[in-house]
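One structure below.
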Amino acid sequence: MPAKNKFDSFYDIDSRKGDIAILGGSFNPIHNGHIAMAEAAHRQLGLDVVLMPNKTTYYKENDVFAPDEDRINMLKLVAEEKGYIFYSDLEIERGGVTHTIDTIRNFKSADPERTVYFIIGGDSLEWIDKWVEAEDLLSMTHFITAVRGETDREKSRAIIHRLSIQYPDSNISLLDMEEIAISSSDIRRRISENESIDGLVPDSIKDYIKKNRLYV
């Protein structure tokens, strides 16, 4: 059986009811901004959220990555603290450069009736039509884009309108968020320069990073 809060599309899926939202990323490390997105999806839409770390991405090849095991372990800590948050090592186990369409197909093949949501930021929404197999991806997935304030909301609405014309089968919703100016790259920089990361990550993550001497 899978570990507590471990979500694997290839087994134990029948025991999990309802739709899910995937939140993908490098989680290098996971921080309070990521968690706030998951909390907003759960609070506003009633969704359980699966944190999906990638093995590597074509646009972050030069970043310093913590070992896969450590990134997964940090997600475990968050999942243990939040009952509606799960984690999956599907993309890490797949290896290599990962594409969202492959992950969506994995989940849909396991349970075709389950609606799969995918949470993205407004910056990703701007170029989502450039993602691999964008037409299939937009027709198979209900995207949720996080917006921060009315300006961001209006900009996102304009993009969604354009995409709805170009891809009539697309389904994209807005997720209201507060502005949270946190990035994993800044956290890594702060750690390497011996600066505080208090308030940027949960205490459990801060302790794990310190204990395992990550990003130093």
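Residue names in the structure tokens use chain letters A, B, ... in the order shown, residue numbers from 1 in each chain, and ligand numbers from 1 in the order shown.
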Write out as an NGL selection string the residues lying within 10 Å of Leu77 of chain A, counting only C-alpha atoms and excluding same-chain residues fewer than 6 positions away. :A and (202 or 204-205 or 208)
Mind dumping the selected residues with C-alpha atoms as a PDB file, in the first residue's frame?
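selection-v2.pdb, written as the output of this step:
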```
ATOM      1  CA  PRO A 202       6.961  26.006   7.004  1.00  0.00           C
ATOM      2  CA  SER A 204       9.235  21.679   9.238  1.00  0.00           C
ATOM      3  CA  ILE A 205      10.750  22.468   5.822  1.00  0.00           C
ATOM      4  CA  TYR A 208      14.648  19.642   7.100  1.00  0.00           C
TER       5      TYR A 208
END
```
Taking only C-alpha atoms into account, which of A:Ile180, A:Ile165, A:Ala134, A:Met52 comes nearest Lys6 of chain A? A:Met52
Looking only at the backbone, which of the residues in segment 61-159 of chain A does DSSP tag as alpha helix (DSSP H), as an MDAnalysis selection string? chainID A and resid 68:81 90:94 100:110 122:125 134:140 150:159
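If you count only C-alpha atoms and ignore residues fewer than 2 places along the chain from segment 122-127 of chain A, what sits within 9 Å of it is Ile120, Asp129, Lys130, Trp131, Thr145, Ala146, Val147, Arg148, Asp152, Arg153, Lys155, Ser156, Ile159 and Ile160 of chain A.
Atom to atom, atom CA of Lys210 of chain A and atom CA of Gly83 of chain A stand 25.0 Å apart.
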Any chance you could list, as a ChimeraX atom specification, the residues in chain A that come up strand (DSSP E) when DSSP is run on the backbone? /A:20-25,48-53,85-87,116-121,142-147,171-176
Take the residues from that selection and put them in a file with N, CA and C atoms, as an mmCIF file, in the first residue's frame.
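And here's result-v9.cif as it stands now:
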```cif
data_model
loop_
_atom_site.group_PDB
_atom_site.id
_atom_site.type_symbol
_atom_site.label_atom_id
_atom_site.label_comp_id
_atom_site.auth_asym_id
_atom_site.auth_seq_id
_atom_site.Cartn_x
_atom_site.Cartn_y
_atom_site.Cartn_z
ATOM 1 N N ILE A 20 -9.607 15.908 -8.456
ATOM 2 C CA ILE A 20 -8.325 16.310 -7.883
ATOM 3 C C ILE A 20 -7.740 17.465 -8.679
ATOM 4 N N ALA A 21 -6.872 18.203 -8.026
ATOM 5 C CA ALA A 21 -6.113 19.261 -8.690
ATOM 6 C C ALA A 21 -4.633 18.941 -8.557
ATOM 7 N N ILE A 22 -3.927 19.000 -9.667
ATOM 8 C CA ILE A 22 -2.483 18.782 -9.662
ATOM 9 C C ILE A 22 -1.786 20.133 -9.596
ATOM 10 N N LEU A 23 -0.819 20.234 -8.721
ATOM 11 C CA LEU A 23 0.045 21.414 -8.661
ATOM 12 C C LEU A 23 1.459 20.935 -8.947
ATOM 13 N N GLY A 24 1.948 21.238 -10.138
ATOM 14 C CA GLY A 24 3.263 20.773 -10.534
ATOM 15 C C GLY A 24 4.348 21.819 -10.308
ATOM 16 N N GLY A 25 5.593 21.369 -10.369
ATOM 17 C CA GLY A 25 6.717 22.290 -10.205
ATOM 18 C C GLY A 25 7.955 21.555 -9.762
ATOM 19 N N ASP A 48 -9.035 18.236 -3.391
ATOM 20 C CA ASP A 48 -7.772 17.746 -2.874
ATOM 21 C C ASP A 48 -6.697 18.093 -3.892
ATOM 22 N N VAL A 49 -5.493 18.365 -3.417
ATOM 23 C CA VAL A 49 -4.417 18.820 -4.288
ATOM 24 C C VAL A 49 -3.254 17.831 -4.240
ATOM 25 N N VAL A 50 -2.784 17.410 -5.416
ATOM 26 C CA VAL A 50 -1.642 16.511 -5.532
ATOM 27 C C VAL A 50 -0.419 17.323 -5.955
ATOM 28 N N LEU A 51 0.585 17.367 -5.101
ATOM 29 C CA LEU A 51 1.846 18.028 -5.438
ATOM 30 C C LEU A 51 2.655 17.093 -6.321
ATOM 31 N N MET A 52 3.036 17.579 -7.501
ATOM 32 C CA MET A 52 3.670 16.730 -8.507
ATOM 33 C C MET A 52 5.042 17.295 -8.887
ATOM 34 N N PRO A 53 6.107 16.894 -8.186
ATOM 35 C CA PRO A 53 7.439 17.403 -8.534
ATOM 36 C C PRO A 53 7.958 16.777 -9.822
ATOM 37 N N ILE A 85 -3.813 17.709 1.145
ATOM 38 C CA ILE A 85 -2.666 17.734 0.242
ATOM 39 C C ILE A 85 -2.064 16.335 0.143
ATOM 40 N N PHE A 86 -1.840 15.905 -1.092
ATOM 41 C CA PHE A 86 -1.190 14.635 -1.379
ATOM 42 C C PHE A 86 0.083 14.925 -2.181
ATOM 43 N N TYR A 87 0.869 13.912 -2.426
ATOM 44 C CA TYR A 87 2.060 14.085 -3.252
ATOM 45 C C TYR A 87 2.209 12.857 -4.137
ATOM 46 N N VAL A 116 -9.745 16.100 -13.930
ATOM 47 C CA VAL A 116 -8.401 16.453 -13.515
ATOM 48 C C VAL A 116 -8.206 17.956 -13.690
ATOM 49 N N TYR A 117 -7.961 18.639 -12.590
ATOM 50 C CA TYR A 117 -7.659 20.063 -12.611
ATOM 51 C C TYR A 117 -6.140 20.232 -12.553
ATOM 52 N N PHE A 118 -5.655 21.323 -13.101
ATOM 53 C CA PHE A 118 -4.225 21.600 -13.060
ATOM 54 C C PHE A 118 -4.051 23.074 -12.703
ATOM 55 N N ILE A 119 -3.348 23.330 -11.604
ATOM 56 C CA ILE A 119 -3.190 24.701 -11.100
ATOM 57 C C ILE A 119 -1.946 25.327 -11.709
ATOM 58 N N ILE A 120 -2.113 26.534 -12.261
ATOM 59 C CA ILE A 120 -0.986 27.262 -12.832
ATOM 60 C C ILE A 120 -1.038 28.717 -12.387
ATOM 61 N N GLY A 121 0.084 29.406 -12.522
ATOM 62 C CA GLY A 121 0.136 30.829 -12.267
ATOM 63 C C GLY A 121 -0.208 31.603 -13.526
ATOM 64 N N HIS A 142 -9.013 20.631 -16.881
ATOM 65 C CA HIS A 142 -9.628 21.869 -16.412
ATOM 66 C C HIS A 142 -8.540 22.670 -15.695
ATOM 67 N N PHE A 143 -8.069 23.721 -16.329
ATOM 68 C CA PHE A 143 -6.998 24.520 -15.744
ATOM 69 C C PHE A 143 -7.561 25.550 -14.761
ATOM 70 N N ILE A 144 -6.812 25.757 -13.701
ATOM 71 C CA ILE A 144 -7.130 26.788 -12.721
ATOM 72 C C ILE A 144 -5.933 27.732 -12.659
ATOM 73 N N THR A 145 -6.156 28.991 -12.942
ATOM 74 C CA THR A 145 -5.054 29.943 -12.912
ATOM 75 C C THR A 145 -5.210 30.898 -11.741
ATOM 76 N N ALA A 146 -4.147 31.059 -10.975
ATOM 77 C CA ALA A 146 -4.158 31.930 -9.804
ATOM 78 C C ALA A 146 -4.048 33.384 -10.241
ATOM 79 N N VAL A 147 -4.920 34.229 -9.715
ATOM 80 C CA VAL A 147 -4.892 35.655 -10.024
ATOM 81 C C VAL A 147 -4.737 36.439 -8.727
ATOM 82 N N ASN A 171 -11.180 24.672 -20.912
ATOM 83 C CA ASN A 171 -11.935 25.026 -19.713
ATOM 84 C C ASN A 171 -10.940 25.571 -18.689
ATOM 85 N N ILE A 172 -10.993 26.879 -18.458
ATOM 86 C CA ILE A 172 -10.038 27.541 -17.568
ATOM 87 C C ILE A 172 -10.791 28.412 -16.582
ATOM 88 N N SER A 173 -10.527 28.226 -15.287
ATOM 89 C CA SER A 173 -11.158 29.005 -14.227
ATOM 90 C C SER A 173 -10.116 29.858 -13.508
ATOM 91 N N LEU A 174 -10.625 30.845 -12.767
ATOM 92 C CA LEU A 174 -9.745 31.725 -12.001
ATOM 93 C C LEU A 174 -9.770 31.337 -10.528
ATOM 94 N N LEU A 175 -8.622 31.480 -9.899
ATOM 95 C CA LEU A 175 -8.456 31.181 -8.476
ATOM 96 C C LEU A 175 -7.921 32.431 -7.797
ATOM 97 N N ASP A 176 -8.726 33.025 -6.916
ATOM 98 C CA ASP A 176 -8.307 34.258 -6.254
ATOM 99 C C ASP A 176 -7.229 33.986 -5.223
#
```
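Distances from A:Ser170, A:Ser88, A:Thr141, A:Asn32 to Gly199 of chain A were compared using only C-alpha atoms, and the smallest one belongs to A:Asn32.
Distances to Glu69 of chain A were evaluated for A:Asn28, A:His34, A:Ala40, A:Gly96 using only C-alpha atoms, and the minimum falls at A:Asn28.
Distance check against Ala79 of chain A using only C-alpha atoms: of A:Ala181, A:Ile35, A:Arg189, A:Ser196, the minimum falls on A:Ile35.
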Name the residues in contact with Pro168 of chain A at a cut-off of 10 Å, using only C-alpha atoms, excluding same-chain residues fewer than 3 positions from it; report them as a JSON list (two decimals) with N, CA and C atoms, in the first residue's frame.
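Listed below is the output, result.json:
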```json
[["chain", "number", "residue", "atom", "x", "y", "z"],
["A", 135, "GLU", "N", -3.46, 21.47, -27.72],
["A", 135, "GLU", "CA", -4.88, 21.27, -28.01],
["A", 135, "GLU", "C", -5.46, 20.11, -27.21],
["A", 138, "LEU", "N", -5.50, 21.06, -23.39],
["A", 138, "LEU", "CA", -6.56, 21.99, -23.00],
["A", 138, "LEU", "C", -7.94, 21.35, -23.05],
["A", 139, "SER", "N", -8.11, 20.34, -23.87],
["A", 139, "SER", "CA", -9.42, 19.68, -23.95],
["A", 139, "SER", "C", -9.58, 18.62, -22.85],
["A", 161, "HIS", "N", -10.28, 34.34, -22.78],
["A", 161, "HIS", "CA", -11.19, 34.60, -23.91],
["A", 161, "HIS", "C", -10.52, 34.24, -25.23],
["A", 162, "ARG", "N", -9.27, 34.65, -25.39],
["A", 162, "ARG", "CA", -8.53, 34.32, -26.61],
["A", 162, "ARG", "C", -8.40, 32.80, -26.78],
["A", 163, "LEU", "N", -8.06, 32.12, -25.69],
["A", 163, "LEU", "CA", -7.89, 30.67, -25.76],
["A", 163, "LEU", "C", -9.22, 29.96, -26.05],
["A", 164, "SER", "N", -10.32, 30.49, -25.53],
["A", 164, "SER", "CA", -11.62, 29.86, -25.75],
["A", 164, "SER", "C", -12.02, 29.91, -27.22],
["A", 165, "ILE", "N", -11.55, 30.94, -27.93],
["A", 165, "ILE", "CA", -11.82, 31.03, -29.37],
["A", 165, "ILE", "C", -10.91, 30.08, -30.14],
["A", 171, "ASN", "N", -11.18, 24.67, -20.91],
["A", 171, "ASN", "CA", -11.94, 25.03, -19.71],
["A", 171, "ASN", "C", -10.94, 25.57, -18.69]]
```
